[in-house]
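S.K.: Next comes my_file33.pdb, PDB, C-alpha atoms (C1' of nucleotides):
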ATOM      1  CA  MET N   1     -44.653-215.911  82.273
ATOM      2  CA  ALA N   2     -46.905-213.245  83.725
ATOM      3  CA  ASP N   3     -47.245-209.696  82.391
ATOM      4  CA  ASN N   4     -44.989-210.797  79.627
ATOM      5  CA  LYS N   5     -44.140-209.969  76.103
ATOM      6  CA  PHE N   6     -45.194-213.417  74.908
ATOM      7  CA  THR N   7     -48.186-213.819  72.704
ATOM      8  CA  ALA N   8     -50.946-216.384  72.766
ATOM      9  CA  ALA N   9     -49.453-217.956  69.657
ATOM     10  CA  ASP N  10     -46.223-218.325  71.607
ATOM     11  CA  ALA N  11     -48.035-220.141  74.381
ATOM     12  CA  GLN N  12     -49.568-222.451  71.826
ATOM     13  CA  ALA N  13     -46.258-223.088  70.091
ATOM     14  CA  ARG N  14     -44.503-223.998  73.314
ATOM     15  CA  CYS N  15     -46.881-226.890  73.897
ATOM     16  CA  VAL N  16     -44.861-229.032  71.585
ATOM     17  CA  PRO N  17     -41.735-229.077  73.767
ATOM     18  CA  MET N  18     -43.916-229.444  76.852
ATOM     19  CA  SER N  19     -45.759-232.459  75.457
ATOM     20  CA  ARG N  20     -42.583-234.061  74.245
ATOM     21  CA  LEU N  21     -40.976-233.659  77.651
ATOM     22  CA  GLN N  22     -43.943-235.293  79.308
ATOM     23  CA  ALA N  23     -43.815-238.167  76.843
ATOM     24  CA  VAL N  24     -40.160-238.763  77.579
ATOM     25  CA  ILE N  25     -39.960-238.501  81.372
ATOM     26  CA  GLY N  26     -43.552-239.425  82.230
ATOM     27  CA  GLY N  27     -42.946-243.089  83.050
ATOM     28  CA  LYS N  28     -43.605-244.201  86.601
ATOM     29  CA  TRP N  29     -39.911-244.726  87.408
ATOM     30  CA  LYS N  30     -38.078-242.533  84.894
ATOM     31  CA  ILE N  31     -37.049-239.524  86.957
ATOM     32  CA  LEU N  32     -36.132-241.825  89.823
ATOM     33  CA  ILE N  33     -33.887-243.911  87.594
ATOM     34  CA  LEU N  34     -32.278-240.780  86.166
ATOM     35  CA  TRP N  35     -31.762-239.430  89.673
ATOM     36  CA  TYR N  36     -29.950-242.579  90.838
ATOM     37  CA  ILE N  37     -27.732-242.743  87.805
ATOM     38  CA  ALA N  38     -26.971-239.031  88.060
ATOM     39  CA  PHE N  39     -26.102-239.465  91.722
ATOM     40  CA  TYR N  40     -23.944-242.561  91.435
ATOM     41  CA  LYS N  41     -22.694-241.746  87.902
ATOM     42  CA  VAL N  42     -22.728-245.446  87.046
ATOM     43  CA  GLN N  43     -25.275-248.045  88.032
ATOM     44  CA  ARG N  44     -25.590-251.705  87.282
ATOM     45  CA  PHE N  45     -28.888-253.362  86.476
ATOM     46  CA  GLY N  46     -28.984-255.230  89.764
ATOM     47  CA  GLU N  47     -28.143-252.139  91.809
ATOM     48  CA  LEU N  48     -31.064-250.246  90.305
ATOM     49  CA  LEU N  49     -33.340-253.225  90.861
ATOM     50  CA  ARG N  50     -32.457-253.218  94.566
ATOM     51  CA  ARG N  51     -32.819-249.467  94.978
ATOM     52  CA  LEU N  52     -36.131-249.075  93.154
ATOM     53  CA  ASP N  53     -38.381-250.575  95.755
ATOM     54  CA  GLY N  54     -41.252-252.442  94.139
ATOM     55  CA  ILE N  55     -40.152-252.405  90.513
ATOM     56  CA  THR N  56     -39.976-255.678  88.611
ATOM     57  CA  GLN N  57     -37.151-256.845  86.384
ATOM     58  CA  SER N  58     -39.186-256.605  83.213
ATOM     59  CA  THR N  59     -40.439-253.111  83.987
ATOM     60  CA  LEU N  60     -36.924-251.914  84.825
ATOM     61  CA  THR N  61     -35.679-253.330  81.535
ATOM     62  CA  LYS N  62     -38.427-251.556  79.621
ATOM     63  CA  GLN N  63     -37.844-248.205  81.293
ATOM     64  CA  LEU N  64     -34.078-248.445  80.782
ATOM     65  CA  ARG N  65     -34.547-249.286  77.098
ATOM     66  CA  GLU N  66     -36.810-246.271  76.633
ATOM     67  CA  LEU N  67     -34.389-243.935  78.400
ATOM     68  CA  GLU N  68     -31.617-245.357  76.239
ATOM     69  CA  GLN N  69     -33.631-244.852  73.049
ATOM     70  CA  ASP N  70     -34.509-241.311  74.078
ATOM     71  CA  GLY N  71     -30.806-240.601  74.415
ATOM     72  CA  PHE N  72     -30.512-240.211  78.189
ATOM     73  CA  LEU N  73     -28.566-243.359  78.940
ATOM     74  CA  HIS N  74     -25.489-245.130  77.738
ATOM     75  CA  ARG N  75     -25.438-248.902  78.124
ATOM     76  CA  GLU N  76     -22.100-250.633  78.449
ATOM     77  CA  ILE N  77     -21.917-254.397  78.387
ATOM     78  CA  TYR N  78     -19.000-256.211  80.002
ATOM     79  CA  ARG N  79     -18.702-259.817  78.885
ATOM     80  CA  GLU N  80     -17.428-261.242  82.126
ATOM     81  CA  VAL N  81     -18.579-263.991  84.410
ATOM     82  CA  PRO N  82     -21.101-263.195  85.588
ATOM     83  CA  SER N  83     -21.888-260.681  82.888
ATOM     84  CA  ARG N  84     -22.146-257.057  83.865
ATOM     85  CA  VAL N  85     -24.004-254.117  82.369
ATOM     86  CA  GLU N  86     -23.400-250.560  83.420
ATOM     87  CA  TYR N  87     -25.716-247.639  82.834
ATOM     88  CA  SER N  88     -24.504-244.071  82.803
ATOM     89  CA  LEU N  89     -25.769-240.717  81.573
ATOM     90  CA  THR N  90     -24.936-239.587  78.075
ATOM     91  CA  GLU N  91     -23.887-235.977  77.575
ATOM     92  CA  PHE N  92     -27.502-235.238  76.722
ATOM     93  CA  GLY N  93     -28.620-237.016  79.888
ATOM     94  CA  GLN N  94     -26.192-234.944  81.917
ATOM     95  CA  SER N  95     -27.694-231.754  80.551
ATOM     96  CA  PHE N  96     -30.878-232.809  82.302
ATOM     97  CA  ILE N  97     -29.282-232.953  85.777
ATOM     98  CA  PRO N  98     -29.947-229.286  86.677
ATOM     99  CA  VAL N  99     -33.617-229.737  85.763
ATOM    100  CA  LEU N 100     -33.760-232.855  87.893
ATOM    101  CA  GLN N 101     -32.094-231.022  90.762
ATOM    102  CA  ASN N 102     -34.514-228.132  90.403
ATOM    103  CA  MET N 103     -37.505-230.469  90.490
ATOM    104  CA  LEU N 104     -36.162-232.266  93.530
ATOM    105  CA  ASP N 105     -35.477-229.050  95.425
ATOM    106  CA  TRP N 106     -38.995-227.820  94.748
ATOM    107  CA  SER N 107     -40.483-231.116  95.792
ATOM    108  CA  GLU N 108     -38.554-231.190  99.060
ATOM    109  CA  LYS N 109     -39.442-227.619  99.921
ATOM    110  CA  GLN N 110     -42.984-227.319  98.640
ATOM    111  CA  LEU N 111     -44.456-230.740  98.036
ATOM    112  CA  CYS N 112     -42.986-232.734 100.905
ATOM    113  CA  PRO N 113     -42.081-230.125 103.550
ATOM    114  CA  ASP N 114     -42.964-232.595 106.309
ATOM    115  CA  PHE N 115     -40.747-235.259 104.901
ATOM    116  CA  VAL N 116     -37.583-235.104 106.926
ATOM    117  CA  ASN N 117     -34.441-236.261 105.244
ATOM    118  CA  PRO N 118     -32.018-236.941 108.109
ATOM    119  CA  TYR N 119     -29.065-236.978 105.738
ATOM    120  CA  LYS N 120     -29.534-233.489 104.472
TER     121      LYS N 120
ATOM    122  CA  MET J 121     -24.865-234.424  92.515
ATOM    123  CA  ALA J 122     -21.457-235.539  91.377
ATOM    124  CA  ASP J 123     -18.333-235.663  93.550
ATOM    125  CA  ASN J 124     -20.561-234.560  96.343
ATOM    126  CA  LYS J 125     -20.770-234.731 100.070
ATOM    127  CA  PHE J 126     -24.038-236.665  99.913
ATOM    128  CA  THR J 127     -24.179-240.207 101.130
ATOM    129  CA  ALA J 128     -25.902-243.226  99.616
ATOM    130  CA  ALA J 129     -28.491-243.033 102.373
ATOM    131  CA  ASP J 130     -29.185-239.480 101.259
ATOM    132  CA  ALA J 131     -29.754-240.642  97.712
ATOM    133  CA  GLN J 132     -32.153-243.256  98.988
ATOM    134  CA  ALA J 133     -34.013-240.773 101.180
ATOM    135  CA  ARG J 134     -34.529-238.322  98.341
ATOM    136  CA  CYS J 135     -36.515-240.894  96.393
ATOM    137  CA  VAL J 136     -39.563-240.051  98.373
ATOM    138  CA  PRO J 137     -39.876-236.476  97.084
ATOM    139  CA  MET J 138     -38.949-237.669  93.599
ATOM    140  CA  SER J 139     -41.633-240.346  93.568
ATOM    141  CA  ARG J 140     -44.223-238.005  94.978
ATOM    142  CA  LEU J 141     -43.451-235.411  92.324
ATOM    143  CA  GLN J 142     -43.842-237.998  89.604
ATOM    144  CA  ALA J 143     -47.161-239.114  91.056
ATOM    145  CA  VAL J 144     -48.477-235.558  91.055
ATOM    146  CA  ILE J 145     -47.361-234.234  87.662
ATOM    147  CA  GLY J 146     -47.141-237.517  85.759
ATOM    148  CA  GLY J 147     -50.519-237.327  84.016
ATOM    149  CA  LYS J 148     -50.523-237.072  80.246
ATOM    150  CA  TRP J 149     -51.785-233.467  80.237
ATOM    151  CA  LYS J 150     -50.791-232.116  83.650
ATOM    152  CA  ILE J 151     -47.736-230.001  82.873
ATOM    153  CA  LEU J 152     -49.428-228.674  79.764
ATOM    154  CA  ILE J 153     -52.487-227.602  81.746
ATOM    155  CA  LEU J 154     -50.293-225.972  84.381
ATOM    156  CA  TRP J 155     -48.325-224.214  81.665
ATOM    157  CA  TYR J 156     -51.438-222.703  80.094
ATOM    158  CA  ILE J 157     -52.880-221.552  83.381
ATOM    159  CA  ALA J 158     -49.516-220.130  84.430
ATOM    160  CA  PHE J 159     -49.269-218.292  81.133
ATOM    161  CA  TYR J 160     -52.786-216.878  80.988
ATOM    162  CA  LYS J 161     -53.179-216.627  84.788
ATOM    163  CA  VAL J 162     -56.853-217.556  84.460
ATOM    164  CA  GLN J 163     -58.409-220.098  82.173
ATOM    165  CA  ARG J 164     -61.965-221.271  81.698
ATOM    166  CA  PHE J 165     -62.869-224.899  81.150
ATOM    167  CA  GLY J 166     -63.803-224.336  77.532
ATOM    168  CA  GLU J 167     -60.637-222.388  76.756
ATOM    169  CA  LEU J 168     -58.479-225.257  78.018
ATOM    170  CA  LEU J 169     -60.573-227.733  76.085
ATOM    171  CA  ARG J 170     -59.916-225.818  72.875
ATOM    172  CA  ARG J 171     -56.200-225.359  73.524
ATOM    173  CA  LEU J 172     -55.442-228.950  74.517
ATOM    174  CA  ASP J 173     -55.660-230.538  71.140
ATOM    175  CA  GLY J 174     -57.063-234.047  71.376
ATOM    176  CA  ILE J 175     -58.176-234.081  75.006
ATOM    177  CA  THR J 176     -61.753-235.041  75.798
ATOM    178  CA  GLN J 177     -64.083-233.273  78.206
ATOM    179  CA  SER J 178     -64.106-236.100  80.699
ATOM    180  CA  THR J 179     -60.326-236.436  80.724
ATOM    181  CA  LEU J 180     -59.881-232.689  81.167
ATOM    182  CA  THR J 181     -62.311-232.746  84.076
ATOM    183  CA  LYS J 182     -60.397-235.567  85.766
ATOM    184  CA  GLN J 183     -57.004-233.944  85.335
ATOM    185  CA  LEU J 184     -58.309-230.615  86.617
ATOM    186  CA  ARG J 185     -59.867-232.307  89.660
ATOM    187  CA  GLU J 186     -56.593-234.028  90.454
ATOM    188  CA  LEU J 187     -54.574-230.837  90.098
ATOM    189  CA  GLU J 188     -57.118-229.129  92.346
ATOM    190  CA  GLN J 189     -56.900-231.889  94.959
ATOM    191  CA  ASP J 190     -53.114-231.780  94.863
ATOM    192  CA  GLY J 191     -53.283-228.082  95.647
ATOM    193  CA  PHE J 192     -52.101-226.604  92.344
ATOM    194  CA  LEU J 193     -55.378-225.096  91.174
ATOM    195  CA  HIS J 194     -58.102-222.876  92.486
ATOM    196  CA  ARG J 195     -61.547-223.388  91.002
ATOM    197  CA  GLU J 196     -63.945-220.454  90.989
ATOM    198  CA  ILE J 197     -67.536-220.966  89.953
ATOM    199  CA  TYR J 198     -69.569-218.056  88.625
ATOM    200  CA  ARG J 199     -73.286-218.744  88.648
ATOM    201  CA  GLU J 200     -74.200-216.830  85.540
ATOM    202  CA  VAL J 201     -75.960-217.737  82.350
ATOM    203  CA  PRO J 202     -74.290-219.593  80.874
ATOM    204  CA  SER J 203     -72.355-220.704  83.925
ATOM    205  CA  ARG J 204     -68.648-219.995  84.034
ATOM    206  CA  VAL J 205     -65.788-221.687  85.870
ATOM    207  CA  GLU J 206     -62.351-220.176  86.119
ATOM    208  CA  TYR J 207     -59.178-222.012  86.981
ATOM    209  CA  SER J 208     -56.133-220.253  88.374
ATOM    210  CA  LEU J 209     -52.951-221.235  90.197
ATOM    211  CA  THR J 210     -52.939-221.288  93.968
ATOM    212  CA  GLU J 211     -49.933-219.824  95.763
ATOM    213  CA  PHE J 212     -48.554-223.349  95.906
ATOM    214  CA  GLY J 213     -49.195-223.748  92.191
ATOM    215  CA  GLN J 214     -47.368-220.509  91.500
ATOM    216  CA  SER J 215     -44.321-221.756  93.365
ATOM    217  CA  PHE J 216     -44.098-224.408  90.659
ATOM    218  CA  ILE J 217     -43.799-221.894  87.800
ATOM    219  CA  PRO J 218     -39.985-221.619  87.905
ATOM    220  CA  VAL J 219     -39.696-225.402  87.745
ATOM    221  CA  LEU J 220     -42.083-225.442  84.790
ATOM    222  CA  GLN J 221     -40.090-222.714  83.091
ATOM    223  CA  ASN J 222     -36.865-224.560  83.714
ATOM    224  CA  MET J 223     -38.289-227.763  82.227
ATOM    225  CA  LEU J 224     -39.575-225.914  79.188
ATOM    226  CA  ASP J 225     -36.266-224.134  78.583
ATOM    227  CA  TRP J 226     -34.385-227.413  78.740
ATOM    228  CA  SER J 227     -36.868-229.084  76.430
ATOM    229  CA  GLU J 228     -36.630-226.306  73.848
ATOM    230  CA  LYS J 229     -32.842-226.279  73.919
ATOM    231  CA  GLN J 230     -31.979-229.924  74.333
ATOM    232  CA  LEU J 231     -34.974-232.083  73.524
ATOM    233  CA  CYS J 232     -36.528-230.190  70.620
ATOM    234  CA  PRO J 233     -33.664-228.118  69.178
ATOM    235  CA  ASP J 234     -35.108-228.568  65.691
ATOM    236  CA  PHE J 235     -38.505-227.367  66.714
ATOM    237  CA  VAL J 236     -38.638-223.755  65.664
ATOM    238  CA  ASN J 237     -40.916-221.508  67.629
ATOM    239  CA  PRO J 238     -41.477-218.489  65.362
ATOM    240  CA  TYR J 239     -42.816-216.452  68.264
ATOM    241  CA  LYS J 240     -39.725-216.668  70.388
TER     242      LYS J 240
ATOM    243  C1'  DA V 241     -92.434-223.453  76.441
ATOM    244  C1'  DG V 242     -88.323-224.236  73.746
ATOM    245  C1'  DC V 243     -83.555-222.937  72.654
ATOM    246  C1'  DA V 244     -78.759-221.961  73.387
ATOM    247  C1'  DA V 245     -74.225-221.924  75.675
ATOM    248  C1'  DT V 246     -71.138-223.485  79.341
ATOM    249  C1'  DA V 247     -69.614-226.852  82.212
ATOM    250  C1'  DG V 248     -70.132-230.474  83.555
ATOM    251  C1'  DT V 249     -71.486-236.229  84.865
ATOM    252  C1'  DA V 250     -72.038-241.073  83.897
ATOM    253  C1'  DT V 251     -71.110-245.248  81.699
ATOM    254  C1'  DC V 252     -68.646-248.124  78.994
ATOM    255  C1'  DA V 253     -64.665-249.207  75.915
ATOM    256  C1'  DA V 254     -59.901-249.004  74.452
ATOM    257  C1'  DA V 255     -55.253-248.365  75.104
ATOM    258  C1'  DA V 256     -51.174-247.945  77.701
ATOM    259  C1'  DA V 257     -48.466-249.080  81.529
ATOM    260  C1'  DG V 258     -46.834-252.002  84.733
ATOM    261  C1'  DG V 259     -46.339-256.638  87.060
ATOM    262  C1'  DA V 260     -45.837-261.915  87.625
ATOM    263  C1'  DC V 261     -43.428-265.508  86.531
ATOM    264  C1'  DA V 262     -40.990-268.718  83.881
ATOM    265  C1'  DG V 263     -37.338-269.333  80.807
ATOM    266  C1'  DT V 264     -32.588-268.103  78.353
ATOM    267  C1'  DA V 265     -27.581-267.057  77.869
ATOM    268  C1'  DT V 266     -22.981-266.807  79.614
ATOM    269  C1'  DC V 267     -18.975-269.225  81.406
ATOM    270  C1'  DA V 268     -15.719-269.736  85.428
ATOM    271  C1'  DT V 269     -15.682-272.697  89.233
ATOM    272  C1'  DT V 270     -16.302-277.030  91.624
TER     273       DT V 270
ATOM    274  C1'  DA X 271     -21.481-282.092  84.042
ATOM    275  C1'  DA X 272     -23.818-279.376  87.413
ATOM    276  C1'  DT X 273     -23.897-274.928  89.883
ATOM    277  C1'  DG X 274     -24.252-270.085  90.544
ATOM    278  C1'  DA X 275     -24.608-265.220  89.586
ATOM    279  C1'  DT X 276     -26.013-261.460  86.518
ATOM    280  C1'  DA X 277     -28.802-259.681  83.192
ATOM    281  C1'  DC X 278     -31.816-260.339  80.664
ATOM    282  C1'  DT X 279     -36.420-261.913  77.222
ATOM    283  C1'  DG X 280     -41.158-263.506  76.415
ATOM    284  C1'  DT X 281     -45.792-264.236  77.430
ATOM    285  C1'  DC X 282     -49.741-263.374  79.650
ATOM    286  C1'  DC X 283     -52.450-260.776  82.964
ATOM    287  C1'  DT X 284     -54.048-256.793  85.816
ATOM    288  C1'  DT X 285     -54.435-252.150  86.710
ATOM    289  C1'  DT X 286     -54.510-247.542  85.452
ATOM    290  C1'  DT X 287     -55.264-244.059  82.357
ATOM    291  C1'  DT X 288     -57.497-242.014  78.708
ATOM    292  C1'  DG X 289     -61.216-241.629  75.262
ATOM    293  C1'  DA X 290     -66.087-241.875  73.133
ATOM    294  C1'  DT X 291     -70.499-240.944  73.588
ATOM    295  C1'  DA X 292     -74.622-239.623  75.518
ATOM    296  C1'  DC X 293     -76.942-237.234  79.004
ATOM    297  C1'  DT X 294     -77.768-233.358  82.840
ATOM    298  C1'  DA X 295     -78.139-228.685  85.014
ATOM    299  C1'  DT X 296     -78.587-223.795  84.771
ATOM    300  C1'  DT X 297     -81.243-219.784  83.328
ATOM    301  C1'  DG X 298     -81.814-215.615  80.342
ATOM    302  C1'  DC X 299     -83.886-214.824  75.936
ATOM    303  C1'  DT X 300     -87.315-215.221  72.239
TER     304       DT X 300
END
Mind turning this structure into structure tokens?
M.R.:
Amino acid sequence: MADNKFTAADAQARCVPMSRLQAVIGGKWKILILWYIAFYKVQRFGELLRRLDGITQSTLTKQLRELEQDGFLHREIYREVPSRVEYSLTEFGQSFIPVLQNMLDWSEKQLCPDFVNPYK
Amino acid sequence: MADNKFTAADAQARCVPMSRLQAVIGGKWKILILWYIAFYKVQRFGELLRRLDGITQSTLTKQLRELEQDGFLHREIYREVPSRVEYSLTEFGQSFIPVLQNMLDWSEKQLCPDFVNPYK
DNA sequence: AGCAATAGTATCAAAAAGGACAGTATCATT
DNA sequence: AATGATACTGTCCTTTTTGATACTATTGCT
């Protein structure tokens, strides 16, 4: 970007990946869910429900299904008592971790500089 | 992330910047608008309207106002005939370019590998 | 005075997203 | 046979976001 060799047609063409990305990670809780699963590697439904302050069961289910359908998450069902379901990142989902990390770093430095994270 | 020195409390604390980021760039057209302005450095209202296929005037206005309020955009009014308004990135907005670039690269490689950009 | 082009605003409607809440399935344990 | 915990599903409702459409303001030019 900037004083570059790219043409206007290039800018136009690159909209497609940009729009698709927005469509896929634009949900209200998506990047947060991905962040937790990336951090803990494996998360159960109930764990996510407790961590995501304010989300409802049905919304969490919907967001998880979408992330699963878009290829980010793997869903493993354990038929125990009580039943257990574990969510983890697929290989594709893991390829997104550096982007996630990059976004988070920017946000902490530029967007929320006054937000002090005592654990950092 | 992964086999790290971070604690669970750290993971919890970092939600705040993650949520805030989502709130700020989550709009349906936001990253696309930022991408165009980053690419062309300066864009007029009408230029964006033509590039963003399917957006309406009123929606574009709202998204631009929000990006301006969140500090990404500078809005310069030229009182000519016909009047002209130019949008450009603020310094803060420019700090977001690498993140944008990173997102786009990932999307082109991983999300839309079959999408061929002939200008690349 | 009327027209044209840009960049809006205003109002209402539609669609999408998210939430509330009740109900279901499983099955070991008591 | 009832209980309890987890992980749902289904239905309806509210809120938020986006879109459609019409209208306004500016001002040089003819």
S.K.: Report, in Å to a single decimal, how far apart CA of Asp70 in chain N and C1' of DC278 in chain X are.
M.R.: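 Here the two named atoms are 20.3 Å from each other.
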S.K.: Would you kindly identify which residues have an atom no farther than 9 Å from (-68.5, -227.8, 82.7), using only C-alpha atoms (C1' of nucleotides) and the file's own coordinates, and write them out as a list of chain:residue names?
M.R.: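 Selection result: J:Phe165, J:Gly166, J:Gln177, J:Thr181, J:Ser203, J:Arg204, J:Val205, V:DT246, V:DA247, V:DG248.
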S.K.: Show me the residues around (-50.2, -238.2, 81.4) - criterion: an atom at most 8 Å away, all atoms listed in the file counted - as JSON, numbers by chain.
M.R.: {"N": [22, 23, 26], "J": [145, 146, 147, 148, 149, 150], "X": [287]}
S.K.: If the PyMOL selection byres ((chain V and resi 251-267) around 10) is run on the structure shown, which residues does it catch, given as a PDB file with C-alpha atoms (C1' of nucleotides), keeping the file's coordinate frame?
M.R.:
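Ended up saving to selection-v9.pdb:
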ATOM      1  CA  GLY N  27     -42.946-243.089  83.050  1.00  0.00           C
ATOM      2  CA  LYS N  28     -43.605-244.201  86.601  1.00  0.00           C
ATOM      3  CA  GLY N  54     -41.252-252.442  94.139  1.00  0.00           C
ATOM      4  CA  ILE N  55     -40.152-252.405  90.513  1.00  0.00           C
ATOM      5  CA  THR N  56     -39.976-255.678  88.611  1.00  0.00           C
ATOM      6  CA  GLN N  57     -37.151-256.845  86.384  1.00  0.00           C
ATOM      7  CA  SER N  58     -39.186-256.605  83.213  1.00  0.00           C
ATOM      8  CA  THR N  59     -40.439-253.111  83.987  1.00  0.00           C
ATOM      9  CA  LEU N  60     -36.924-251.914  84.825  1.00  0.00           C
ATOM     10  CA  LYS N  62     -38.427-251.556  79.621  1.00  0.00           C
ATOM     11  CA  ARG N  79     -18.702-259.817  78.885  1.00  0.00           C
ATOM     12  CA  GLU N  80     -17.428-261.242  82.126  1.00  0.00           C
ATOM     13  CA  VAL N  81     -18.579-263.991  84.410  1.00  0.00           C
ATOM     14  CA  PRO N  82     -21.101-263.195  85.588  1.00  0.00           C
ATOM     15  CA  SER N  83     -21.888-260.681  82.888  1.00  0.00           C
TER      16      SER N  83
ATOM     17  C1'  DT V 249     -71.486-236.229  84.865  1.00  0.00           C
ATOM     18  C1'  DA V 250     -72.038-241.073  83.897  1.00  0.00           C
ATOM     19  C1'  DA V 268     -15.719-269.736  85.428  1.00  0.00           C
ATOM     20  C1'  DT V 269     -15.682-272.697  89.233  1.00  0.00           C
TER      21       DT V 269
ATOM     22  C1'  DT X 276     -26.013-261.460  86.518  1.00  0.00           C
ATOM     23  C1'  DA X 277     -28.802-259.681  83.192  1.00  0.00           C
ATOM     24  C1'  DC X 278     -31.816-260.339  80.664  1.00  0.00           C
ATOM     25  C1'  DT X 279     -36.420-261.913  77.222  1.00  0.00           C
ATOM     26  C1'  DG X 280     -41.158-263.506  76.415  1.00  0.00           C
ATOM     27  C1'  DT X 281     -45.792-264.236  77.430  1.00  0.00           C
ATOM     28  C1'  DC X 282     -49.741-263.374  79.650  1.00  0.00           C
ATOM     29  C1'  DC X 283     -52.450-260.776  82.964  1.00  0.00           C
ATOM     30  C1'  DT X 284     -54.048-256.793  85.816  1.00  0.00           C
ATOM     31  C1'  DT X 285     -54.435-252.150  86.710  1.00  0.00           C
ATOM     32  C1'  DT X 286     -54.510-247.542  85.452  1.00  0.00           C
ATOM     33  C1'  DT X 287     -55.264-244.059  82.357  1.00  0.00           C
ATOM     34  C1'  DT X 288     -57.497-242.014  78.708  1.00  0.00           C
ATOM     35  C1'  DG X 289     -61.216-241.629  75.262  1.00  0.00           C
ATOM     36  C1'  DA X 290     -66.087-241.875  73.133  1.00  0.00           C
ATOM     37  C1'  DT X 291     -70.499-240.944  73.588  1.00  0.00           C
ATOM     38  C1'  DA X 292     -74.622-239.623  75.518  1.00  0.00           C
TER      39       DA X 292
END
S.K.: Quick check on the file I pasted: which residues fall under the PyMOL selection byres ((chain N and resi 14) around 12)? Write them as a PyMOL selection string.
M.R.: (chain N and resi 6-13+15-21) or (chain J and resi 151-152+155-156+159+171+220-221+223-229+232+235-240)
S.K.: Write a file of the selected residues as an mmCIF file, in the frame of the given file, keeping C-alpha atoms.
M.R.:
data_model
loop_
_atom_site.group_PDB
_atom_site.id
_atom_site.type_symbol
_atom_site.label_atom_id
_atom_site.label_comp_id
_atom_site.auth_asym_id
_atom_site.auth_seq_id
_atom_site.Cartn_x
_atom_site.Cartn_y
_atom_site.Cartn_z
ATOM 1 C CA PHE N 6 -45.194 -213.417 74.908
ATOM 2 C CA THR N 7 -48.186 -213.819 72.704
ATOM 3 C CA ALA N 8 -50.946 -216.384 72.766
ATOM 4 C CA ALA N 9 -49.453 -217.956 69.657
ATOM 5 C CA ASP N 10 -46.223 -218.325 71.607
ATOM 6 C CA ALA N 11 -48.035 -220.141 74.381
ATOM 7 C CA GLN N 12 -49.568 -222.451 71.826
ATOM 8 C CA ALA N 13 -46.258 -223.088 70.091
ATOM 9 C CA CYS N 15 -46.881 -226.890 73.897
ATOM 10 C CA VAL N 16 -44.861 -229.032 71.585
ATOM 11 C CA PRO N 17 -41.735 -229.077 73.767
ATOM 12 C CA MET N 18 -43.916 -229.444 76.852
ATOM 13 C CA SER N 19 -45.759 -232.459 75.457
ATOM 14 C CA ARG N 20 -42.583 -234.061 74.245
ATOM 15 C CA LEU N 21 -40.976 -233.659 77.651
ATOM 16 C CA ILE J 151 -47.736 -230.001 82.873
ATOM 17 C CA LEU J 152 -49.428 -228.674 79.764
ATOM 18 C CA TRP J 155 -48.325 -224.214 81.665
ATOM 19 C CA TYR J 156 -51.438 -222.703 80.094
ATOM 20 C CA PHE J 159 -49.269 -218.292 81.133
ATOM 21 C CA ARG J 171 -56.200 -225.359 73.524
ATOM 22 C CA LEU J 220 -42.083 -225.442 84.790
ATOM 23 C CA GLN J 221 -40.090 -222.714 83.091
ATOM 24 C CA MET J 223 -38.289 -227.763 82.227
ATOM 25 C CA LEU J 224 -39.575 -225.914 79.188
ATOM 26 C CA ASP J 225 -36.266 -224.134 78.583
ATOM 27 C CA TRP J 226 -34.385 -227.413 78.740
ATOM 28 C CA SER J 227 -36.868 -229.084 76.430
ATOM 29 C CA GLU J 228 -36.630 -226.306 73.848
ATOM 30 C CA LYS J 229 -32.842 -226.279 73.919
ATOM 31 C CA CYS J 232 -36.528 -230.190 70.620
ATOM 32 C CA PHE J 235 -38.505 -227.367 66.714
ATOM 33 C CA VAL J 236 -38.638 -223.755 65.664
ATOM 34 C CA ASN J 237 -40.916 -221.508 67.629
ATOM 35 C CA PRO J 238 -41.477 -218.489 65.362
ATOM 36 C CA TYR J 239 -42.816 -216.452 68.264
ATOM 37 C CA LYS J 240 -39.725 -216.668 70.388
#
S.K.: Axis-aligned box over every listed atom of range 132-145 of chain J, padded by 8 Å per side: centre and edges in Å to one decimal, as lines of an AutoDock Vina configuration file?
M.R.:
center_x = -40.3
center_y = -238.7
center_z = 94.4
size_x = 32.3
size_y = 25.0
size_z = 29.5
S.K.: Tell me which protein, DNA and RNA residues are within 8 Å of Ile153 in chain J, counting all atoms listed in the file, leaving out same-chain ones fewer than 4 positions away, and put them as a list in words.
M.R.: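 The neighbour list is Trp149, Ile157, Leu168 and Leu172 of chain J.
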S.K.: Could you tell me, as a ChimeraX atom specification, exactly which residues end up selected when the PyMOL selection byres ((chain N and resi 87) around 6) is applied to this structure?
M.R.: /N:42-43,74-75,86,88
S.K.: How many Å lie between C1' of DT297 in chain X and CA of Leu169 in chain J, rounded to one decimal?
M.R.: 23.3 Å
S.K.: Please, what distance in Å, to one decimal, runs between CA of Asn222 in chain J and CA of Asn102 in chain N?
M.R.: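 So the two atoms, CA of Asn222 in chain J and CA of Asn102 in chain N, lie 7.9 Å apart.
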S.K.: Which polymer residues have any atom within 8 Å of an atom of Leu187 in chain J, counting all atoms listed in the file, with same-chain residues fewer than 5 positions away left out, as a PyMOL selection string?
M.R.: chain J and resi 144+150+192-193
S.K.: Let's have the selection written as a CSV table (one decimal), in the frame of the given file, with C-alpha atoms.
M.R.:
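Written out: selection.csv:
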chain,number,residue,atom,x,y,z
J,144,VAL,CA,-48.5,-235.6,91.1
J,150,LYS,CA,-50.8,-232.1,83.6
J,192,PHE,CA,-52.1,-226.6,92.3
J,193,LEU,CA,-55.4,-225.1,91.2
